[in-house]
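Source file: target.cif (mmCIF, C-alpha atoms)
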data_input
#
loop_
_atom_site.label_atom_id
_atom_site.label_comp_id
_atom_site.auth_asym_id
_atom_site.auth_seq_id
_atom_site.Cartn_x
_atom_site.Cartn_y
_atom_site.Cartn_z
CA MET Q 25 -20.79 -14.83 7.76
CA VAL Q 26 -22.38 -13.65 4.53
CA VAL Q 27 -22.24 -16.20 1.71
CA VAL Q 28 -22.77 -14.90 -1.82
CA ASN Q 29 -22.28 -16.04 -5.37
CA THR Q 30 -19.62 -13.63 -6.57
CA THR Q 31 -19.54 -15.06 -10.08
CA ASN Q 32 -23.07 -14.05 -11.11
CA HIS Q 33 -22.82 -11.02 -13.36
CA GLY Q 34 -26.29 -11.00 -14.92
CA GLY Q 35 -28.41 -7.92 -15.56
CA GLN Q 36 -27.01 -4.61 -14.39
CA ASN Q 37 -23.89 -6.34 -13.11
CA ALA Q 38 -23.04 -7.58 -16.60
CA HIS Q 39 -23.18 -4.00 -17.85
CA LEU Q 40 -20.89 -2.79 -15.05
CA VAL Q 41 -18.39 -5.60 -15.55
CA ASP Q 42 -18.17 -4.75 -19.23
CA ALA Q 43 -17.78 -1.04 -18.42
CA LEU Q 44 -14.94 -1.77 -15.99
CA ALA Q 45 -12.94 -3.09 -18.95
CA ALA Q 46 -13.89 -0.31 -21.41
CA ALA Q 47 -11.16 1.35 -23.44
CA ASP Q 48 -12.12 4.82 -22.17
CA PRO Q 49 -10.82 5.42 -18.61
CA SER Q 50 -13.70 7.82 -17.91
CA VAL Q 51 -16.14 4.98 -18.58
CA ARG Q 52 -14.18 2.70 -16.26
CA LEU Q 53 -14.15 5.42 -13.60
CA ARG Q 54 -17.92 5.85 -13.79
CA ALA Q 55 -18.38 2.09 -13.59
CA ALA Q 56 -16.25 1.85 -10.46
CA LEU Q 57 -18.17 4.78 -8.96
CA ALA Q 58 -21.47 3.07 -9.72
CA ALA Q 59 -20.22 -0.18 -8.16
CA GLY Q 60 -19.37 1.66 -4.96
CA THR Q 61 -22.52 3.76 -4.94
CA ARG Q 62 -24.69 0.64 -5.10
CA PRO Q 63 -22.53 -1.99 -3.38
CA ASP Q 64 -23.26 -5.51 -4.55
CA PRO Q 65 -21.18 -8.40 -3.18
CA GLU Q 66 -21.64 -10.22 -6.49
CA LEU Q 67 -19.25 -7.68 -8.04
CA THR Q 68 -16.40 -8.49 -5.67
CA ASN Q 69 -14.52 -10.76 -8.06
CA ALA Q 70 -14.83 -8.31 -10.93
CA LEU Q 71 -13.55 -5.41 -8.83
CA VAL Q 72 -10.62 -7.37 -7.41
CA ASP Q 73 -9.70 -8.72 -10.82
CA ARG Q 74 -9.80 -5.24 -12.35
CA CYS Q 75 -7.50 -3.87 -9.65
CA ALA Q 76 -4.81 -6.24 -10.88
CA VAL Q 77 -4.72 -4.80 -14.40
CA GLU Q 78 -6.19 -1.28 -14.26
CA PRO Q 79 -3.60 1.19 -15.64
CA ASP Q 80 -5.23 4.44 -14.48
CA PHE Q 81 -4.44 5.63 -10.95
CA PHE Q 82 -7.79 7.37 -10.44
CA VAL Q 83 -9.74 4.35 -11.58
CA ARG Q 84 -7.71 2.12 -9.26
CA ASP Q 85 -8.46 4.46 -6.39
CA MET Q 86 -12.19 4.29 -7.18
CA LEU Q 87 -12.00 0.51 -7.37
CA THR Q 88 -10.49 0.45 -3.89
CA TRP Q 89 -13.28 2.73 -2.64
CA ALA Q 90 -15.89 0.43 -4.17
CA LEU Q 91 -14.31 -2.60 -2.48
CA CYS Q 92 -14.25 -0.77 0.85
CA ARG Q 93 -18.02 -0.31 0.55
CA LEU Q 94 -18.56 -4.07 0.50
CA PRO Q 95 -18.66 -6.33 3.59
CA ALA Q 96 -15.15 -7.00 4.85
CA GLU Q 97 -15.92 -10.67 5.45
CA ILE Q 98 -16.33 -11.01 1.67
CA THR Q 99 -13.60 -8.75 0.34
CA VAL Q 100 -10.76 -9.38 2.78
CA PRO Q 101 -10.33 -13.13 2.10
CA GLN Q 102 -10.23 -12.45 -1.65
CA LEU Q 103 -7.73 -9.63 -1.23
CA ILE Q 104 -5.54 -11.85 0.95
CA ARG Q 105 -5.55 -14.44 -1.84
CA GLU Q 106 -4.37 -11.73 -4.23
CA LEU Q 107 -1.27 -11.27 -2.07
CA GLY Q 108 -0.08 -14.69 -3.18
CA THR Q 109 -0.34 -14.01 -6.90
CA ASP Q 110 2.56 -13.34 -9.25
CA GLY Q 111 1.34 -9.97 -10.52
CA SER Q 112 3.02 -7.07 -8.75
CA GLN Q 113 0.10 -4.70 -9.36
CA ALA Q 114 -2.35 -7.26 -8.01
CA ARG Q 115 -0.34 -7.54 -4.81
CA SER Q 116 0.29 -3.82 -4.48
CA GLN Q 117 -3.33 -2.82 -5.01
CA ALA Q 118 -4.60 -5.56 -2.70
CA LEU Q 119 -2.26 -4.27 0.01
CA HIS Q 120 -3.48 -0.72 -0.55
CA THR Q 121 -7.12 -1.81 -0.30
CA LEU Q 122 -6.49 -3.91 2.81
CA SER Q 123 -4.87 -0.90 4.47
CA LYS Q 124 -8.03 1.11 3.77
CA ILE Q 125 -10.37 -1.60 5.04
CA GLY Q 126 -8.30 -1.97 8.21
CA ASP Q 127 -9.28 -5.52 9.11
CA PRO Q 128 -6.52 -6.94 11.37
CA ILE Q 129 -7.13 -10.47 10.11
CA ALA Q 130 -4.90 -9.60 7.14
CA TRP Q 131 -1.89 -8.70 9.31
CA PRO Q 132 0.12 -11.96 8.95
CA GLU Q 133 -0.04 -11.94 5.16
CA VAL Q 134 0.58 -8.20 4.89
CA SER Q 135 3.59 -8.23 7.19
CA ALA Q 136 5.11 -11.08 5.18
CA LEU Q 137 5.45 -8.77 2.16
CA VAL Q 138 7.42 -5.88 3.67
CA HIS Q 139 10.61 -7.25 2.08
CA ASP Q 140 9.09 -7.98 -1.33
CA GLN Q 141 11.58 -7.62 -4.17
CA ASP Q 142 9.19 -5.43 -6.16
CA ASP Q 143 9.53 -1.84 -4.97
CA GLU Q 144 5.88 -0.88 -5.40
CA VAL Q 145 4.72 -3.99 -3.56
CA ALA Q 146 7.15 -3.29 -0.73
CA ARG Q 147 6.04 0.34 -0.45
CA SER Q 148 2.39 -0.72 -0.30
CA ALA Q 149 3.24 -3.39 2.27
CA TRP Q 150 5.02 -0.84 4.49
CA ARG Q 151 1.96 1.40 4.55
CA ALA Q 152 -0.44 -1.48 5.07
CA ALA Q 153 1.67 -3.02 7.83
CA VAL Q 154 1.69 0.25 9.76
CA ALA Q 155 -2.09 0.50 9.35
CA LEU Q 156 -2.73 -3.07 10.55
CA VAL Q 157 0.00 -3.71 13.12
CA PRO Q 158 -1.47 -5.12 16.36
CA VAL Q 159 -1.30 -2.92 19.43
CA GLY Q 160 2.02 -3.55 21.11
CA GLY Q 161 3.66 -4.78 17.93
CA GLU Q 162 4.96 -1.41 16.79
CA GLY Q 163 8.49 -1.97 18.09
CA ALA Q 164 8.87 -5.32 16.38
CA LEU Q 165 7.54 -3.90 13.13
CA ALA Q 166 9.90 -0.92 13.38
CA THR Q 167 12.84 -3.30 13.80
CA ASP Q 168 11.73 -5.32 10.79
CA LEU Q 169 11.15 -2.28 8.59
CA ALA Q 170 14.47 -0.76 9.61
CA THR Q 171 16.27 -3.53 7.76
CA GLU Q 172 15.01 -1.81 4.59
CA LEU Q 173 16.72 1.49 5.42
CA GLY Q 174 18.87 2.65 2.53
CA ARG Q 175 16.85 0.75 -0.05
CA GLY Q 176 16.18 2.42 -3.39
CA GLU Q 177 16.20 6.04 -4.43
CA LEU Q 178 14.59 9.12 -2.95
CA GLN Q 179 10.88 8.35 -3.30
CA MET Q 180 11.37 4.80 -2.06
CA GLN Q 181 13.25 6.03 0.99
CA LEU Q 182 10.68 8.73 1.70
CA SER Q 183 7.96 6.08 1.67
CA LEU Q 184 9.82 4.02 4.25
CA SER Q 185 10.52 7.09 6.38
CA ARG Q 186 6.84 8.00 6.44
CA ALA Q 187 5.88 4.44 7.33
CA LEU Q 188 8.41 4.30 10.15
CA THR Q 189 7.32 7.63 11.63
CA GLY Q 190 3.77 6.31 11.65
CA LEU Q 191 4.80 3.85 14.34
CA GLY Q 192 5.24 6.57 16.95
CA GLU Q 193 7.87 6.58 19.67
CA ALA Q 194 8.55 2.86 19.18
CA VAL Q 195 10.67 3.74 16.16
CA LEU Q 196 13.11 6.06 17.94
CA PRO Q 197 15.44 3.46 19.53
CA VAL Q 198 15.43 1.55 16.25
CA LEU Q 199 16.53 4.66 14.37
CA GLU Q 200 19.20 5.36 16.97
CA ALA Q 201 20.64 1.91 16.41
CA ALA Q 202 20.46 2.29 12.63
CA GLY Q 203 22.26 5.62 12.94
CA ALA Q 204 25.35 3.68 14.03
CA SER Q 205 25.31 1.37 11.01
CA THR Q 206 28.51 0.83 9.06
CA ASN Q 207 26.50 1.43 5.88
CA PRO Q 208 26.49 5.19 5.10
CA ARG Q 209 23.20 4.96 3.18
CA VAL Q 210 21.51 3.37 6.17
CA ARG Q 211 22.92 6.03 8.50
CA ALA Q 212 21.80 8.85 6.24
CA HIS Q 213 18.34 7.38 5.86
CA ALA Q 214 17.97 6.80 9.60
CA ASP Q 215 19.06 10.36 10.40
CA ALA Q 216 16.66 11.82 7.83
CA THR Q 217 13.82 9.69 9.24
CA LYS Q 218 14.52 11.00 12.73
CA GLN Q 219 14.26 14.53 11.35
CA LEU Q 220 10.89 13.67 9.85
CA TRP Q 221 9.69 12.16 13.14
CA HIS Q 222 10.56 15.35 15.00
CA ASP Q 223 9.18 17.60 12.25
CA PRO Q 224 6.31 15.82 10.44
CA ASP Q 225 5.62 18.93 8.35
CA GLY Q 226 9.21 19.05 7.13
CA GLY Q 227 8.78 16.52 4.34
CA PHE Q 228 9.84 18.99 1.67
CA ALA Q 229 13.04 19.83 3.52
CA LEU Q 230 13.62 16.14 4.16
CA SER Q 231 13.30 15.29 0.48
CA HIS Q 232 15.98 17.79 -0.47
CA GLU Q 233 18.31 16.79 2.35
CA LEU Q 234 17.88 13.09 1.65
CA ALA Q 235 18.34 13.61 -2.07
CA LYS Q 236 21.68 15.31 -1.44
CA ARG Q 237 22.82 12.54 0.89
CA VAL Q 238 21.81 9.74 -1.46
CA ALA Q 239 23.52 11.46 -4.39
CA ALA Q 240 26.69 12.04 -2.37
CA ILE Q 241 26.91 8.46 -1.15
CA GLY Q 242 25.99 6.83 -4.43
CA PRO Q 243 23.95 3.68 -5.10
CA ASP Q 244 26.58 1.08 -4.33
CA ALA Q 245 27.85 2.22 -0.95
#
Please go through the file and, once you have read it, give me the structure as structure tokens.
Amino acid sequence: MVVVNTTNHGGQNAHLVDALAAADPSVRLRAALAAGTRPDPELTNALVDRCAVEPDFFVRDMLTWALCRLPAEITVPQLIRELGTDGSQARSQALHTLSKIGDPIAWPEVSALVHDQDDEVARSAWRAAVALVPVGGEGALATDLATELGRGELQMQLSLSRALTGLGEAVLPVLEAAGASTNPRVRAHADATKQLWHDPDGGFALSHELAKRVAAIGPDA
């Protein structure tokens, strides 16, 4: 195990930490790029902390890349701790980064967030759970995720459909069962997800079909 002092930001690190909080997003982007180009474990805290508040998508993506360049034994425990914070962006971005790192040690904490009340956190948790699910656990995860069928509007439902289809054949019996639900939104979502499983390139057609079904059924069905 590598032990480092992740609070020392002297020298070049002090400059990068300051640049990560600059008003200009292009400066922040270059700082995140520099942090990933020359990975230094002492920057871990600064990178994780910035993920929680960074408003720019491209900068957040670069921050995740920079964290992925660091040793997993340093970053993963800190990212897992972020999953227990109150900030929805902190949790969502930590989930996204954990899915990219791919360390299975994070599975218990990641899987615990698939029903998070915050939509963005839940969407990130779905993707991360599919990326980290232990071999043989796909069926159980599919059953758990299927309880979210019908949640939210189009983009939310598309995210869940894509996560479910990423579980392979294990999802098919779960979708069959959901297709018999008494809830019309769940049935429509399950049927659309089956279409996506059989035609992975048909996402555009799925989005239009699902949009029509959701609009026809309404939000309170």
#### Entry: the PyMOL selection byres ((chain Q and resi 131-134) around 7) applied to the shown file, residues as a ChimeraX atom specification
/Q:104,119,128-130,135-137,149,152-153,156-157
### Query
Between CA of Gln102 in chain Q and CA of Asp73 in chain Q, what is the distance, to one decimal in Å?
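Interatomic distance here is 9.9 Å.
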### Task
Go ahead and compute the interatomic distance for CA of Leu71 in chain Q and CA of Ala58 in chain Q, in Å to one decimal.
11.6 Å
### Task
Spell out the residues picked by the PyMOL selection byres ((chain Q and resi 96) around 12) here, as a list in words.
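Taken over the shown coordinates, the PyMOL selection byres ((chain Q and resi 96) around 12) returns Met25, Val26, Pro65, Thr68, Ala90, Leu91, Cys92, Arg93, Leu94, Pro95, Glu97, Ile98, Thr99, Val100, Pro101, Gln102, Leu103, Ile104, Thr121, Leu122, Ser123, Lys124, Ile125, Gly126, Asp127, Pro128, Ile129 and Ala130 of chain Q.
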### Given only C-alpha atoms as the counted atoms, nearest of Q:Ala43, Q:Asn207, Q:Ala214, Q:Ala166 to Ala59 in chain Q
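Checking each candidate against Ala59 in chain Q, we get Q:Ala43 as the closest.
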### Query
Can you tell me how far CA of Val154 in chain Q sits from CA of Gly190 in chain Q, in Å to one decimal?
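Going from CA of Val154 in chain Q over to CA of Gly190 in chain Q covers 6.7 Å.
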Might I get the box with edges along x, y and z of the file that holds all atoms of range 87-98 of chain Q listed there, padded by 5 Å on every side, given as centre and edge lengths in Å to one decimal, as lines of an AutoDock Vina configuration file?
center_x = -14.6
center_y = -4.1
center_z = -1.0
size_x = 18.2
size_y = 23.7
size_z = 22.8
### Message
Can you tell me which residues surround Gly163 in chain Q at a distance of at most 9 Å, considering only C-alpha atoms, apart from same-chain residues fewer than 6 positions away, and format the answer as number ranges by chain?
### Response
Q: 191, 193-195, 197-198
Export C-alpha atoms of the chosen residues as a PDB file, in the coordinates of the input?
ATOM      1  CA  LEU Q 191       4.800   3.850  14.340  1.00  0.00           C
ATOM      2  CA  GLU Q 193       7.870   6.580  19.670  1.00  0.00           C
ATOM      3  CA  ALA Q 194       8.550   2.860  19.180  1.00  0.00           C
ATOM      4  CA  VAL Q 195      10.670   3.740  16.160  1.00  0.00           C
ATOM      5  CA  PRO Q 197      15.440   3.460  19.530  1.00  0.00           C
ATOM      6  CA  VAL Q 198      15.430   1.550  16.250  1.00  0.00           C
TER       7      VAL Q 198
END
### Task
Would you list the contacts of Leu199 in chain Q as a ChimeraX atom specification, taking every protein, DNA or RNA residue within 10 Å and counting all atoms listed in the file, but skipping same-chain residues closer than 2 positions in sequence?
/Q:166-167,170,173,188,194-197,201-205,210-211,213-218
### Task
Please provide as a VMD selection string all residues within 7 Å of Ala187 in chain Q, with the sequence filter that same-chain residues fewer than 2 positions apart are discarded (counting all atoms listed in the file).
chain Q and resid 150 to 151 154 183 to 185 189 to 190
Serialized selection, C-alpha atoms, as a PDB file, in the frame of the given file:
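In the end it all went to part09.pdb:
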ATOM      1  CA  TRP Q 150       5.020  -0.840   4.490  1.00  0.00           C
ATOM      2  CA  ARG Q 151       1.960   1.400   4.550  1.00  0.00           C
ATOM      3  CA  VAL Q 154       1.690   0.250   9.760  1.00  0.00           C
ATOM      4  CA  SER Q 183       7.960   6.080   1.670  1.00  0.00           C
ATOM      5  CA  LEU Q 184       9.820   4.020   4.250  1.00  0.00           C
ATOM      6  CA  SER Q 185      10.520   7.090   6.380  1.00  0.00           C
ATOM      7  CA  THR Q 189       7.320   7.630  11.630  1.00  0.00           C
ATOM      8  CA  GLY Q 190       3.770   6.310  11.650  1.00  0.00           C
TER       9      GLY Q 190
END
### Query
If you apply the PyMOL selection byres ((chain Q and resi 52-55) around 10) to this file, what residues do you get, as a ChimeraX atom specification?
/Q:39-51,56-61,74,78,80,82-87,90
### Task
Using only C-alpha atoms, find the one residue out of Q:Glu177, Q:Glu162, Q:Asp168, Q:Glu66 that sits nearest to Val138 in chain Q.
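Among Q:Glu177, Q:Glu162, Q:Asp168, Q:Glu66, it is Q:Asp168 that comes nearest to Val138 in chain Q.
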### Query
Gln181 in chain Q: which residues within 9 Å, counting only C-alpha atoms, same-chain residues fewer than 5 positions away excluded, as a VMD selection string?
chain Q and resid 172 to 176 186 213 234
Requested write-out: C-alpha atoms of the selected residues, as an mmCIF file, in the frame of the given file:
data_model
loop_
_atom_site.group_PDB
_atom_site.id
_atom_site.type_symbol
_atom_site.label_atom_id
_atom_site.label_comp_id
_atom_site.auth_asym_id
_atom_site.auth_seq_id
_atom_site.Cartn_x
_atom_site.Cartn_y
_atom_site.Cartn_z
ATOM 1 C CA GLU Q 172 15.010 -1.810 4.590
ATOM 2 C CA LEU Q 173 16.720 1.490 5.420
ATOM 3 C CA GLY Q 174 18.870 2.650 2.530
ATOM 4 C CA ARG Q 175 16.850 0.750 -0.050
ATOM 5 C CA GLY Q 176 16.180 2.420 -3.390
ATOM 6 C CA ARG Q 186 6.840 8.000 6.440
ATOM 7 C CA HIS Q 213 18.340 7.380 5.860
ATOM 8 C CA LEU Q 234 17.880 13.090 1.650
#
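Between Cys75 in chain Q and the candidates Q:Gly192, Q:Gly160, Q:Pro224, Q:Gly111, the tightest atom-to-atom separation, counting all atoms listed in the file, involves Q:Gly111.
With only C-alpha atoms as the atoms that count, the residue of Q:Arg105, Q:Arg62, Q:Arg115, Q:Arg209 with the shortest distance to Gln141 in chain Q is Q:Arg115.
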